[in-house]
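A.B. asks: This is work01.pdb (PDB, C-alpha atoms).
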```pdb
ATOM      1  CA  MET A   1      -4.740 -10.109 -34.570
ATOM      2  CA  ALA A   2      -1.501  -8.149 -34.936
ATOM      3  CA  LEU A   3      -1.320  -4.547 -33.782
ATOM      4  CA  LYS A   4      -0.750  -2.024 -36.537
ATOM      5  CA  GLY A   5       0.689   1.463 -36.658
ATOM      6  CA  PRO A   6       2.988   3.265 -34.207
ATOM      7  CA  ARG A   7       1.331   1.935 -31.037
ATOM      8  CA  PRO A   8       3.395  -1.279 -30.697
ATOM      9  CA  LEU A   9       6.580   0.772 -31.012
ATOM     10  CA  LEU A  10       5.314   3.285 -28.446
ATOM     11  CA  PHE A  11       4.355   0.470 -26.081
ATOM     12  CA  LEU A  12       7.777  -1.179 -26.438
ATOM     13  CA  THR A  13       9.503   2.177 -25.828
ATOM     14  CA  LEU A  14       7.476   2.753 -22.649
ATOM     15  CA  VAL A  15       8.217  -0.770 -21.378
ATOM     16  CA  LEU A  16      11.960  -0.312 -21.952
ATOM     17  CA  LEU A  17      11.891   3.117 -20.301
ATOM     18  CA  ALA A  18      10.087   1.722 -17.245
ATOM     19  CA  ALA A  19      12.602  -1.125 -16.956
ATOM     20  CA  SER A  20      15.525   1.306 -17.194
ATOM     21  CA  LEU A  21      14.065   3.578 -14.524
ATOM     22  CA  ALA A  22      13.464   0.603 -12.232
ATOM     23  CA  GLN A  23      17.130  -0.411 -12.557
ATOM     24  CA  LEU A  24      18.307   3.130 -11.819
ATOM     25  CA  SER A  25      16.051   3.482  -8.773
ATOM     26  CA  LYS A  26      17.438   0.293  -7.229
ATOM     27  CA  GLY A  27      20.962   1.725  -7.348
ATOM     28  CA  ALA A  28      19.743   5.109  -6.191
ATOM     29  CA  SER A  29      18.145   3.566  -3.106
ATOM     30  CA  TYR A  30      21.490   2.491  -1.656
ATOM     31  CA  ARG A  31      23.039   5.826  -2.620
ATOM     32  CA  GLN A  32      20.131   7.582  -0.914
ATOM     33  CA  PHE A  33      20.623   5.412   2.195
ATOM     34  CA  VAL A  34      24.294   6.432   2.319
ATOM     35  CA  ILE A  35      23.458  10.134   1.897
ATOM     36  CA  ARG A  36      20.789  10.039   4.603
ATOM     37  CA  HIS A  37      22.375   7.753   7.170
ATOM     38  CA  PHE A  38      26.114   7.093   6.707
ATOM     39  CA  ASP A  39      28.709   9.216   8.520
ATOM     40  CA  SER A  40      31.935   7.394   9.282
ATOM     41  CA  PRO A  41      34.097   8.533  10.826
ATOM     42  CA  LYS A  42      31.728  10.916  12.578
ATOM     43  CA  THR A  43      32.017  14.467  11.271
ATOM     44  CA  ARG A  44      33.548  16.787  13.862
ATOM     45  CA  ALA A  45      31.442  19.531  15.425
ATOM     46  CA  ALA A  46      31.666  21.609  18.609
ATOM     47  CA  ASN A  47      28.656  19.742  20.031
ATOM     48  CA  ASP A  48      25.958  17.297  18.953
ATOM     49  CA  ARG A  49      23.351  20.019  18.331
ATOM     50  CA  ILE A  50      25.689  21.798  15.902
ATOM     51  CA  TYR A  51      26.530  18.399  14.368
ATOM     52  CA  CYS A  52      22.839  17.765  13.621
ATOM     53  CA  ASN A  53      22.220  21.254  12.226
ATOM     54  CA  ARG A  54      25.218  20.982   9.892
ATOM     55  CA  MET A  55      24.679  17.384   8.807
ATOM     56  CA  MET A  56      20.975  17.746   8.087
ATOM     57  CA  GLN A  57      21.675  20.809   5.943
ATOM     58  CA  SER A  58      24.728  19.394   4.158
ATOM     59  CA  ARG A  59      22.873  16.179   3.268
ATOM     60  CA  GLY A  60      19.996  18.121   1.721
ATOM     61  CA  LEU A  61      17.455  17.111   4.368
ATOM     62  CA  THR A  62      16.282  20.694   4.999
ATOM     63  CA  ARG A  63      15.729  22.069   1.486
ATOM     64  CA  VAL A  64      12.011  21.588   0.861
ATOM     65  CA  PHE A  65      11.000  20.979   4.475
ATOM     66  CA  CYS A  66      12.755  20.277   7.759
ATOM     67  CA  LYS A  67      12.967  16.509   7.949
ATOM     68  CA  LEU A  68      11.545  15.731  11.377
ATOM     69  CA  ARG A  69      13.925  12.911  12.278
ATOM     70  CA  ASN A  70      17.038  11.354  10.809
ATOM     71  CA  THR A  71      19.700   9.017  12.163
ATOM     72  CA  PHE A  72      23.353   8.960  11.189
ATOM     73  CA  ILE A  73      25.288   5.714  11.671
ATOM     74  CA  HIS A  74      28.976   5.983  12.531
ATOM     75  CA  ALA A  75      30.368   2.706  11.171
ATOM     76  CA  PRO A  76      32.289   1.598   8.079
ATOM     77  CA  ALA A  77      30.161   1.007   4.975
ATOM     78  CA  GLY A  78      31.184  -2.668   4.892
ATOM     79  CA  GLN A  79      29.670  -3.268   8.322
ATOM     80  CA  LEU A  80      26.381  -1.714   7.237
ATOM     81  CA  GLN A  81      26.310  -3.731   4.026
ATOM     82  CA  ALA A  82      27.005  -6.928   5.975
ATOM     83  CA  ILE A  83      23.699  -6.573   7.854
ATOM     84  CA  CYS A  84      21.959  -7.711   4.676
ATOM     85  CA  ALA A  85      24.018 -10.922   4.683
ATOM     86  CA  HIS A  86      26.095 -12.584   7.401
ATOM     87  CA  GLY A  87      26.039  -9.546   9.741
ATOM     88  CA  GLY A  88      22.301  -9.555  10.273
ATOM     89  CA  THR A  89      19.326 -11.665  11.267
ATOM     90  CA  HIS A  90      16.387 -11.922   8.855
ATOM     91  CA  VAL A  91      13.251 -10.530  10.524
ATOM     92  CA  SER A  92      10.597 -10.547   7.791
ATOM     93  CA  LEU A  93      10.253  -9.740   4.112
ATOM     94  CA  ASN A  94      13.384  -7.682   3.360
ATOM     95  CA  LEU A  95      14.069  -6.536   6.958
ATOM     96  CA  TYR A  96      17.245  -7.465   8.831
ATOM     97  CA  ASP A  97      18.426  -6.733  12.376
ATOM     98  CA  SER A  98      22.124  -6.116  12.892
ATOM     99  CA  LEU A  99      24.017  -8.629  15.010
ATOM    100  CA  GLU A 100      26.192  -5.896  16.492
ATOM    101  CA  SER A 101      25.479  -2.466  17.926
ATOM    102  CA  PHE A 102      26.446   0.769  16.199
ATOM    103  CA  ASN A 103      27.190   4.287  17.399
ATOM    104  CA  VAL A 104      24.400   6.520  16.099
ATOM    105  CA  THR A 105      23.256  10.122  16.290
ATOM    106  CA  THR A 106      19.531  10.774  15.887
ATOM    107  CA  CYS A 107      18.572  14.334  14.948
ATOM    108  CA  ARG A 108      15.059  15.610  15.707
ATOM    109  CA  ALA A 109      13.638  18.919  14.488
ATOM    110  CA  LEU A 110      12.891  21.525  17.146
ATOM    111  CA  PRO A 111       9.489  23.239  17.229
ATOM    112  CA  ARG A 112       9.182  26.247  14.886
ATOM    113  CA  SER A 113      11.827  24.877  12.527
ATOM    114  CA  ARG A 114      11.179  25.897   8.943
ATOM    115  CA  PRO A 115      13.095  25.500   5.674
ATOM    116  CA  GLY A 116      16.089  27.796   5.738
ATOM    117  CA  HIS A 117      15.970  27.840   9.544
ATOM    118  CA  CYS A 118      15.794  24.165  10.500
ATOM    119  CA  ARG A 119      17.136  23.523  13.991
ATOM    120  CA  TYR A 120      17.742  20.130  15.570
ATOM    121  CA  ARG A 121      18.419  18.445  18.882
ATOM    122  CA  ALA A 122      20.573  15.352  19.062
ATOM    123  CA  ALA A 123      20.374  12.008  20.822
ATOM    124  CA  ILE A 124      23.426   9.784  20.703
ATOM    125  CA  GLY A 125      23.470   6.093  21.435
ATOM    126  CA  ASN A 126      24.903   2.679  20.757
ATOM    127  CA  THR A 127      22.254   0.304  19.472
ATOM    128  CA  LYS A 128      21.413  -2.453  17.051
ATOM    129  CA  ILE A 129      19.700  -1.275  13.890
ATOM    130  CA  ARG A 130      17.060  -2.663  11.543
ATOM    131  CA  VAL A 131      17.376  -2.084   7.809
ATOM    132  CA  ALA A 132      15.429  -2.977   4.699
ATOM    133  CA  CYS A 133      17.660  -4.583   2.067
ATOM    134  CA  ALA A 134      17.506  -4.750  -1.717
ATOM    135  CA  LYS A 135      20.010  -6.723  -3.789
ATOM    136  CA  GLY A 136      22.135  -7.309  -0.692
ATOM    137  CA  LEU A 137      22.420  -3.625   0.249
ATOM    138  CA  PRO A 138      20.646  -1.525   2.901
ATOM    139  CA  VAL A 139      18.110   0.864   1.388
ATOM    140  CA  HIS A 140      16.033   1.985   4.392
ATOM    141  CA  LEU A 141      16.649   2.447   8.113
ATOM    142  CA  GLN A 142      13.794   1.418  10.387
ATOM    143  CA  PRO A 143      13.482   3.444  13.626
ATOM    144  CA  THR A 144      12.906   0.274  15.676
ATOM    145  CA  TYR A 145      15.859   0.519  18.074
ATOM    146  CA  LEU A 146      16.958   4.120  17.642
ATOM    147  CA  PRO A 147      17.383   6.659  20.470
TER
END
```
What do you get writing this file as structure tokens?

C.D. replies:
Amino acid sequence: MALKGPRPLLFLTLVLLAASLAQLSKGASYRQFVIRHFDSPKTRAANDRIYCNRMMQSRGLTRVFCKLRNTFIHAPAGQLQAICAHGGTHVSLNLYDSLESFNVTTCRALPRSRPGHCRYRAAIGNTKIRVACAKGLPVHLQPTYLP
């Protein structure tokens, strides 16, 4: 039985729209990873607390709410991308551990932080990292090894 009327066309339109959005979100995931976690070379600041306050605000991580925790990785983009290939060890599903350690700054929200007045403390370290990969690119940073 063939479908009649505008419904097949509507169905096809919705399927194509969903496929297009899925393609866009895959690209956006890596872009989002870069916005949230990439800072190389490390942005200059008078101290690490000021660094966290500025970076969290400039990356849009304090607009709706004060993101409780975020880590910035201070390494070239190519090194981060390599974790999903020859620069990492497959852990499970789409998770990979880096073979080398990276300089990182982890920012944690202070008590009583609120949008517009988010304040952070910083922890710096040199550690391996674990990322989730999609299409050979990092899309999520796992807090497994972070300071």

A.B. asks: Take atom CA of Val104 of chain A and atom CA of Lys42 of chain A and report the distance between them in Å, one decimal.

C.D. replies: 9.2 Å

A.B. asks: If you apply the PyMOL selection byres ((chain A and resi 93-95) around 9) to this file, what residues do you get, as a list in words?

C.D. replies: Cys84, Thr89, His90, Val91, Ser92, Tyr96, Asp97, Arg130, Val131, Ala132, Cys133, Ala134 and Gln142 of chain A

A.B. asks: Where does the PyMOL selection byres ((chain A and resi 116) around 10) land in this file, that is, which residues does it pick, as a list in words?

C.D. replies: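 The output of the PyMOL selection byres ((chain A and resi 116) around 10) on this file is Gln57, Thr62, Arg63, Val64, Phe65, Cys66, Ser113, Arg114, Pro115, His117, Cys118 and Arg119 of chain A.
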
A.B. asks: The PyMOL selection byres ((chain A and resi 59) around 10) on the file shown: which residues, as a PyMOL selection string?

C.D. replies: chain A and resi 32+34-37+54-58+60-63

A.B. asks: Draw an axis-aligned box over all listed atoms of segment 131-138 of chain A, pad each side with 8 Å, and write its centre and edge lengths in Å, one decimal, as lines of an AutoDock Vina configuration file.

C.D. replies:
```
center_x = 18.9
center_y = -4.4
center_z = 2.0
size_x = 23.0
size_y = 21.8
size_z = 27.6
```

A.B. asks: As an exercise, work out the distance from atom CA of Leu141 of chain A to atom CA of Phe72 of chain A in Å and give it to one decimal place.

C.D. replies: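 Here the two named atoms are 9.8 Å from each other.
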
A.B. asks: Just the residues within 10 Å of Arg69 of chain A, please, counting all atoms listed in the file, with nothing from its chain fewer than 4 positions along; format it as a ChimeraX atom specification.

C.D. replies: /A:56,61,106-110,120-122,143

A.B. asks: Keeping only C-alpha atoms, write the selected residues to a file as a tab-separated table (two decimals), in the frame of the given file.

C.D. replies:
```tsv
chain	number	residue	atom	x	y	z
A	56	MET	CA	20.98	17.75	8.09
A	61	LEU	CA	17.45	17.11	4.37
A	106	THR	CA	19.53	10.77	15.89
A	107	CYS	CA	18.57	14.33	14.95
A	108	ARG	CA	15.06	15.61	15.71
A	109	ALA	CA	13.64	18.92	14.49
A	110	LEU	CA	12.89	21.52	17.15
A	120	TYR	CA	17.74	20.13	15.57
A	121	ARG	CA	18.42	18.44	18.88
A	122	ALA	CA	20.57	15.35	19.06
A	143	PRO	CA	13.48	3.44	13.63
```

A.B. asks: Work out how far atom CA of Gln79 of chain A is from atom CA of Arg49 of chain A, in Å to one decimal.

C.D. replies: 26.1 Å
